[in-house]
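Structure file model.cif (mmCIF, C-alpha atoms) follows.
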```
data_structure
loop_
_atom_site.label_atom_id
_atom_site.label_comp_id
_atom_site.auth_asym_id
_atom_site.auth_seq_id
_atom_site.Cartn_x
_atom_site.Cartn_y
_atom_site.Cartn_z
CA MET K 1 7.31 17.55 -22.49
CA GLN K 2 6.70 16.46 -18.91
CA ARG K 3 5.08 13.02 -18.54
CA TYR K 4 2.82 11.78 -15.71
CA PHE K 5 1.26 8.41 -14.93
CA VAL K 6 -2.36 8.28 -13.81
CA GLN K 7 -4.71 5.51 -12.77
CA PRO K 8 -6.96 4.17 -15.57
CA ASP K 9 -10.05 5.60 -13.86
CA GLN K 10 -8.44 9.07 -13.95
CA MET K 11 -8.32 9.07 -17.77
CA THR K 12 -11.38 9.10 -20.03
CA ASP K 13 -11.54 9.59 -23.79
CA THR K 14 -11.67 13.36 -23.32
CA LEU K 15 -10.55 14.27 -19.79
CA VAL K 16 -7.70 13.47 -17.38
CA SER K 17 -7.45 14.20 -13.65
CA ILE K 18 -4.10 14.36 -11.84
CA LYS K 19 -4.03 14.46 -8.05
CA GLY K 20 -1.63 14.39 -5.10
CA GLU K 21 2.12 14.86 -5.44
CA ASP K 22 2.02 15.04 -9.23
CA ALA K 23 -0.51 17.87 -9.07
CA LYS K 24 1.73 19.72 -6.63
CA HIS K 25 4.70 19.12 -8.95
CA ILE K 26 2.80 20.63 -11.89
CA SER K 27 1.66 23.72 -10.00
CA LYS K 28 4.55 24.41 -7.60
CA VAL K 29 7.66 22.96 -9.25
CA MET K 30 6.92 23.24 -12.96
CA ARG K 31 4.77 26.37 -12.38
CA MET K 32 2.45 25.45 -15.22
CA THR K 33 -0.71 27.37 -16.02
CA PRO K 34 -3.94 26.65 -17.94
CA GLY K 35 -3.14 26.03 -21.57
CA ASP K 36 0.18 24.30 -20.91
CA HIS K 37 0.57 20.74 -22.18
CA VAL K 38 1.82 17.52 -20.56
CA ILE K 39 1.86 13.85 -21.56
CA CYS K 40 -0.36 11.48 -19.55
CA SER K 41 -0.26 7.67 -19.51
CA ASP K 42 -2.73 5.32 -17.84
CA ASN K 43 0.01 2.67 -17.43
CA GLN K 44 -1.95 0.30 -19.64
CA GLY K 45 -0.75 1.56 -23.00
CA ARG K 46 -2.96 4.63 -23.52
CA VAL K 47 -0.90 7.82 -23.86
CA ALA K 48 -2.18 11.31 -24.65
CA ARG K 49 -0.97 14.88 -24.97
CA CYS K 50 -3.19 16.90 -22.65
CA ALA K 51 -3.89 20.58 -22.08
CA ILE K 52 -4.36 21.94 -18.58
CA LEU K 53 -7.86 23.31 -18.00
CA GLU K 54 -7.59 24.30 -14.34
CA LEU K 55 -5.30 23.50 -11.44
CA THR K 56 -4.86 23.82 -7.71
CA ASP K 57 -2.14 22.59 -5.36
CA SER K 58 -3.93 19.25 -5.00
CA SER K 59 -5.53 18.55 -8.38
CA VAL K 60 -5.13 19.31 -12.07
CA GLU K 61 -7.87 18.87 -14.65
CA LEU K 62 -6.86 18.40 -18.27
CA SER K 63 -8.43 17.82 -21.66
CA VAL K 64 -7.11 15.27 -24.14
CA ALA K 65 -5.62 17.12 -27.10
CA GLU K 66 -4.43 14.07 -29.02
CA TRP K 67 -3.71 10.39 -28.50
CA ILE K 68 -0.10 9.36 -29.02
CA GLY K 69 0.71 6.06 -30.67
CA ASN K 70 4.51 5.92 -30.48
CA GLU K 71 5.83 2.71 -28.88
CA THR K 72 8.51 3.07 -26.21
CA GLU K 73 8.31 -0.38 -24.62
CA LEU K 74 10.59 -3.33 -25.36
CA PRO K 75 8.93 -5.75 -27.80
CA ILE K 76 9.11 -8.50 -25.15
CA SER K 77 8.36 -8.54 -21.43
CA VAL K 78 11.54 -8.66 -19.33
CA THR K 79 11.69 -9.33 -15.59
CA ILE K 80 14.92 -8.78 -13.67
CA ALA K 81 15.24 -11.03 -10.61
CA GLN K 82 18.01 -9.45 -8.56
CA GLY K 83 19.77 -11.02 -5.59
CA LEU K 84 19.68 -8.40 -2.83
CA PRO K 85 22.86 -6.29 -3.10
CA LYS K 86 24.49 -4.04 -0.52
CA HIS K 87 23.92 -0.33 0.10
CA ASP K 88 21.85 1.57 -2.46
CA LYS K 89 22.77 -0.56 -5.48
CA LEU K 90 19.22 -1.83 -5.87
CA GLU K 91 18.01 1.75 -6.31
CA MET K 92 20.40 2.22 -9.21
CA ILE K 93 19.45 -1.15 -10.70
CA VAL K 94 15.71 -0.36 -10.78
CA GLN K 95 16.29 3.20 -11.99
CA LYS K 96 18.54 2.30 -14.91
CA GLY K 97 16.65 -0.92 -15.57
CA THR K 98 13.48 1.14 -15.98
CA GLU K 99 15.22 3.44 -18.45
CA LEU K 100 16.34 0.39 -20.43
CA GLY K 101 12.89 -1.17 -20.63
CA ALA K 102 12.46 -3.76 -17.85
CA GLU K 103 8.82 -4.49 -17.02
CA ARG K 104 9.21 -6.03 -13.56
CA PHE K 105 11.77 -6.36 -10.77
CA ILE K 106 11.88 -9.23 -8.29
CA PRO K 107 14.46 -8.76 -5.50
CA PHE K 108 15.28 -12.04 -3.80
CA GLN K 109 17.26 -13.29 -0.83
CA ALA K 110 20.22 -15.25 -2.21
CA ASP K 111 22.63 -17.39 -0.22
CA ARG K 112 25.36 -14.76 -0.61
CA SER K 113 23.15 -11.73 0.00
CA ILE K 114 24.70 -9.86 2.92
CA VAL K 115 21.73 -7.53 3.24
CA LYS K 116 18.64 -8.82 5.06
CA TRP K 117 15.37 -6.90 4.75
CA ASP K 118 13.15 -7.34 7.77
CA SER K 119 9.39 -7.31 7.33
CA LYS K 120 9.02 -3.92 9.04
CA LYS K 121 11.30 -2.11 6.61
CA SER K 122 10.58 -4.12 3.48
CA LYS K 123 7.33 -2.35 2.58
CA LYS K 124 8.80 1.12 3.09
CA LYS K 125 11.91 0.32 1.07
CA THR K 126 9.85 -1.17 -1.75
CA GLU K 127 7.65 1.93 -1.85
CA ARG K 128 10.80 4.04 -2.24
CA LEU K 129 11.99 1.81 -5.09
CA GLN K 130 8.61 2.21 -6.79
CA ARG K 131 8.90 6.01 -6.53
CA ILE K 132 12.33 5.82 -8.16
CA ILE K 133 10.85 3.65 -10.90
CA LYS K 134 8.01 6.13 -11.48
CA GLU K 135 10.42 9.05 -11.87
CA ALA K 136 12.66 7.04 -14.20
CA ALA K 137 9.68 5.90 -16.30
CA GLU K 138 8.47 9.48 -16.68
CA GLN K 139 11.96 10.76 -17.52
CA SER K 140 12.59 8.05 -20.11
CA GLN K 141 9.15 8.50 -21.72
CA ARG K 142 7.95 4.99 -20.94
CA ASN K 143 4.35 4.13 -21.78
CA LYS K 144 4.18 1.74 -18.85
CA MET K 145 5.63 1.96 -15.36
CA PRO K 146 7.47 -1.19 -14.21
CA GLU K 147 6.59 -2.95 -10.98
CA CYS K 148 8.95 -3.81 -8.13
CA ILE K 149 7.66 -6.33 -5.60
CA GLU K 150 8.86 -6.89 -2.05
CA PRO K 151 11.82 -9.29 -1.76
CA VAL K 152 11.02 -12.98 -1.99
CA SER K 153 12.84 -16.14 -0.94
CA PHE K 154 14.82 -18.18 -3.45
CA LYS K 155 12.13 -20.86 -3.29
CA GLU K 156 9.41 -18.31 -4.05
CA LEU K 157 11.48 -16.95 -6.95
CA ILE K 158 11.55 -20.38 -8.57
CA SER K 159 7.81 -20.71 -8.04
CA GLN K 160 7.15 -17.32 -9.68
CA SER K 161 9.37 -18.21 -12.64
CA GLU K 162 7.05 -21.00 -13.78
CA SER K 163 4.94 -18.68 -15.94
CA TYR K 164 7.85 -17.36 -18.04
CA MET K 165 8.58 -18.63 -21.54
CA MET K 166 12.34 -18.01 -21.45
CA LYS K 167 14.47 -18.29 -18.30
CA ILE K 168 18.06 -17.09 -18.08
CA VAL K 169 20.49 -17.09 -15.18
CA ALA K 170 23.66 -15.00 -15.32
CA TYR K 171 26.48 -17.28 -14.21
CA GLU K 172 30.04 -16.00 -14.03
CA GLU K 173 31.50 -19.51 -14.31
CA GLN K 174 30.18 -19.60 -17.86
CA ALA K 175 32.11 -16.41 -18.65
CA LYS K 176 35.26 -17.88 -17.09
CA GLN K 177 34.87 -20.84 -19.44
CA ASN K 178 34.64 -18.45 -22.43
CA GLU K 179 30.95 -19.12 -23.05
CA THR K 180 29.88 -15.98 -24.92
CA SER K 181 27.29 -17.05 -27.51
CA ARG K 182 24.43 -18.68 -25.59
CA LEU K 183 22.67 -15.41 -24.71
CA ALA K 184 22.79 -14.18 -28.32
CA LYS K 185 21.38 -17.48 -29.59
CA LEU K 186 18.51 -17.37 -27.09
CA LEU K 187 17.61 -13.78 -27.97
CA SER K 188 17.72 -14.53 -31.69
CA ARG K 189 14.93 -17.06 -31.12
CA ALA K 190 12.76 -14.72 -29.02
CA ASP K 191 9.16 -14.47 -30.18
CA ILE K 192 8.61 -10.72 -30.43
CA GLY K 193 5.27 -9.63 -29.02
CA ASN K 194 4.63 -12.89 -27.22
CA GLU K 195 7.80 -13.65 -25.27
CA SER K 196 8.25 -13.23 -21.54
CA ILE K 197 11.77 -13.48 -20.16
CA ILE K 198 13.01 -13.68 -16.58
CA ILE K 199 16.70 -13.08 -15.91
CA VAL K 200 18.20 -14.05 -12.56
CA ILE K 201 21.27 -12.13 -11.37
CA GLY K 202 23.12 -12.95 -8.17
CA PRO K 203 24.28 -10.49 -5.49
CA GLU K 204 27.91 -9.59 -4.80
CA GLY K 205 29.80 -12.85 -4.86
CA GLY K 206 27.38 -14.36 -7.37
CA LEU K 207 25.10 -17.34 -7.06
CA THR K 208 26.21 -20.57 -5.46
CA GLU K 209 26.53 -23.78 -7.49
CA HIS K 210 23.61 -25.13 -5.46
CA GLU K 211 21.39 -22.19 -6.48
CA VAL K 212 22.39 -22.43 -10.14
CA GLN K 213 21.64 -26.15 -10.16
CA HIS K 214 18.18 -25.53 -8.70
CA LEU K 215 17.53 -22.87 -11.33
CA GLN K 216 18.67 -25.17 -14.13
CA ASP K 217 16.41 -27.91 -12.78
CA ALA K 218 13.57 -25.35 -13.04
CA GLY K 219 14.33 -24.69 -16.72
CA PHE K 220 16.80 -21.81 -16.51
CA ILE K 221 19.68 -21.63 -18.98
CA ALA K 222 23.03 -20.48 -17.57
CA CYS K 223 24.67 -17.78 -19.69
CA GLY K 224 27.85 -15.77 -19.56
CA PHE K 225 27.36 -12.06 -20.19
CA GLY K 226 30.41 -11.57 -22.39
CA PRO K 227 34.02 -12.54 -21.62
CA ARG K 228 34.38 -10.22 -18.63
CA ILE K 229 33.06 -10.63 -15.09
CA LEU K 230 30.47 -7.96 -14.34
CA ARG K 231 29.46 -6.43 -11.02
CA THR K 232 25.96 -7.27 -9.85
CA GLU K 233 24.77 -3.72 -10.53
CA THR K 234 26.13 -3.89 -14.10
CA ALA K 235 24.73 -7.26 -15.20
CA SER K 236 21.09 -6.22 -15.60
CA LEU K 237 22.09 -3.14 -17.58
CA TYR K 238 24.21 -5.30 -19.85
CA VAL K 239 21.48 -7.82 -20.62
CA LEU K 240 18.76 -5.19 -21.09
CA SER K 241 21.02 -3.35 -23.53
CA ALA K 242 21.69 -6.61 -25.37
CA ILE K 243 17.96 -7.29 -25.61
CA SER K 244 17.29 -3.80 -26.96
CA TYR K 245 20.05 -4.12 -29.54
CA GLN K 246 18.91 -7.55 -30.70
CA LEU K 247 15.17 -6.93 -30.76
CA GLU K 248 14.87 -3.20 -31.46
CA LEU K 249 17.94 -1.84 -33.24
CA LEU K 250 18.43 -4.86 -35.53
CA ARG K 251 14.80 -4.92 -36.66
#
```
Rendering of file as structure tokens:
Amino acid sequence: MQRYFVQPDQMTDTLVSIKGEDAKHISKVMRMTPGDHVICSDNQGRVARCAILELTDSSVELSVAEWIGNETELPISVTIAQGLPKHDKLEMIVQKGTELGAERFIPFQADRSIVKWDSKKSKKKTERLQRIIKEAAEQSQRNKMPECIEPVSFKELISQSESYMMKIVAYEEQAKQNETSRLAKLLSRADIGNESIIIVIGPEGGLTEHEVQHLQDAGFIACGFGPRILRTETASLYVLSAISYQLELLR
């Protein structure tokens, strides 16, 4: 069943209103009619199966048929801090990361980031990433839609990390030294329901020793992600899958 995210003020206990592009998608692309059902989420945890009452090209009015209580979110909050990669890799990272349960994405300018986002294009590119996230969240039946902020500096990344309970940095030198157990040990101690984790992943070429040292000084723990060296666009998918396995499938 098709899923749509709405603003909290568009969903009451009995009625839901969908406007804009989503309304056009329902009427023109999906060709739905009154009586058809969709899933609506207010992005704050409330999810309902709704029946279409009436629709136009610009708005759809629905009634709440039943509230849905199934949980599709990871049991802990996970933020992926991604060093800006080349080309369209960031689009794939936020899309697949959304499917795997990430709650937030923080792109950052690393020393080895080749790509530079100027202020004029940053807002537009971030809006595109957020659209990709929305589509991925709807497709994967998420109850909440992750957030992607505009790229920050390395200094700002460290500042934003202060509020997290667990801090991990993916460091390929740890993998080269056959360090393969630290991540599993950290996840085994995660406090389900209360934990917030930030995971820093470098761009192509990885993080510099200087950056890793700064992160460690800020409380980050350097981990290898298995015995193999992963591409930047693979690392976040690896760690999100590991988190899901440890905290969802092994429950």
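Selection result for the displayed file, with the PyMOL selection byres ((chain K and resi 127-142) around 8) as criterion, is Gln2, Arg3, Tyr4, Phe5, Thr72, Glu73, Glu91, Val94, Gln95, Lys96, Thr98, Glu99, Gly101, Lys123, Lys124, Lys125, Thr126, Asn143, Lys144, Met145, Pro146, Glu147 and Cys148 of chain K.
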Just need the box for stretch 152-164 of chain K, edges along x, y and z, holding every atom the file lists for it with 3 Å tacked onto each side, so centre and edge lengths in Å to one decimal, as JSON.
```
{"center_x": 9.9, "center_y": -17.0, "center_z": -9.5, "size_x": 15.9, "size_y": 14.0, "size_z": 23.1}
```
Subject >> Selection dump of the PyMOL selection byres ((chain K and resi 204) around 7), as number ranges by chain >> reply: K: 85, 202-203, 205-206, 232
**OP:** Please work out which residues fall within 12 Å of (8.1, -11.6, -25.2), coordinates as given in the file, with only C-alpha atoms counting, and return them as a PyMOL selection string.
**Re:** chain K and resi 73-79+102-103+164-167+187-198+243+247
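Our summary of the geometry notes that atom CA of K:Leu15 is positioned 7.4 Å from atom CA of K:Glu61.
Of the residues under consideration (K:Asn43, K:Ser63, K:Gln109, K:Gln213), K:Gln213 shows the shortest atom-to-atom contact distance to K:Val169 when counting only C-alpha atoms.
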Original post:
Quick one: residues within 10 Å of K:Cys40, all atoms listed in the file counted, chain neighbours fewer than 5 positions away excluded, as number ranges by chain?
Top reply: K: 2-6, 11, 16-18, 46-50, 62, 64, 67-68, 138, 143
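Across the structure, atom CA of K:Ile39 and atom CA of K:Ser244 are spaced 24.1 Å apart.
Among the candidates K:Ile158, K:Leu90, K:Ala170, K:Ile80, the residue lying nearest to K:Leu240 is K:Ile80 (atoms considered: only C-alpha atoms).
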Decode the PyMOL selection byres ((chain K and resi 117) around 12) for the given file into explicit residues and return them as a PDB file with C-alpha atoms, in the coordinates of the input.
```
ATOM      1  CA  GLY K  83      19.770 -11.020  -5.590  1.00  0.00           C
ATOM      2  CA  LEU K  84      19.680  -8.400  -2.830  1.00  0.00           C
ATOM      3  CA  PRO K  85      22.860  -6.290  -3.100  1.00  0.00           C
ATOM      4  CA  LYS K  86      24.490  -4.040  -0.520  1.00  0.00           C
ATOM      5  CA  HIS K  87      23.920  -0.330   0.100  1.00  0.00           C
ATOM      6  CA  PRO K 107      14.460  -8.760  -5.500  1.00  0.00           C
ATOM      7  CA  PHE K 108      15.280 -12.040  -3.800  1.00  0.00           C
ATOM      8  CA  GLN K 109      17.260 -13.290  -0.830  1.00  0.00           C
ATOM      9  CA  ALA K 110      20.220 -15.250  -2.210  1.00  0.00           C
ATOM     10  CA  SER K 113      23.150 -11.730   0.000  1.00  0.00           C
ATOM     11  CA  ILE K 114      24.700  -9.860   2.920  1.00  0.00           C
ATOM     12  CA  VAL K 115      21.730  -7.530   3.240  1.00  0.00           C
ATOM     13  CA  LYS K 116      18.640  -8.820   5.060  1.00  0.00           C
ATOM     14  CA  ASP K 118      13.150  -7.340   7.770  1.00  0.00           C
ATOM     15  CA  SER K 119       9.390  -7.310   7.330  1.00  0.00           C
ATOM     16  CA  LYS K 120       9.020  -3.920   9.040  1.00  0.00           C
ATOM     17  CA  LYS K 121      11.300  -2.110   6.610  1.00  0.00           C
ATOM     18  CA  SER K 122      10.580  -4.120   3.480  1.00  0.00           C
ATOM     19  CA  LYS K 123       7.330  -2.350   2.580  1.00  0.00           C
ATOM     20  CA  LYS K 124       8.800   1.120   3.090  1.00  0.00           C
ATOM     21  CA  LYS K 125      11.910   0.320   1.070  1.00  0.00           C
ATOM     22  CA  THR K 126       9.850  -1.170  -1.750  1.00  0.00           C
ATOM     23  CA  GLU K 150       8.860  -6.890  -2.050  1.00  0.00           C
ATOM     24  CA  PRO K 151      11.820  -9.290  -1.760  1.00  0.00           C
ATOM     25  CA  VAL K 152      11.020 -12.980  -1.990  1.00  0.00           C
ATOM     26  CA  SER K 153      12.840 -16.140  -0.940  1.00  0.00           C
TER      27      SER K 153
END
```
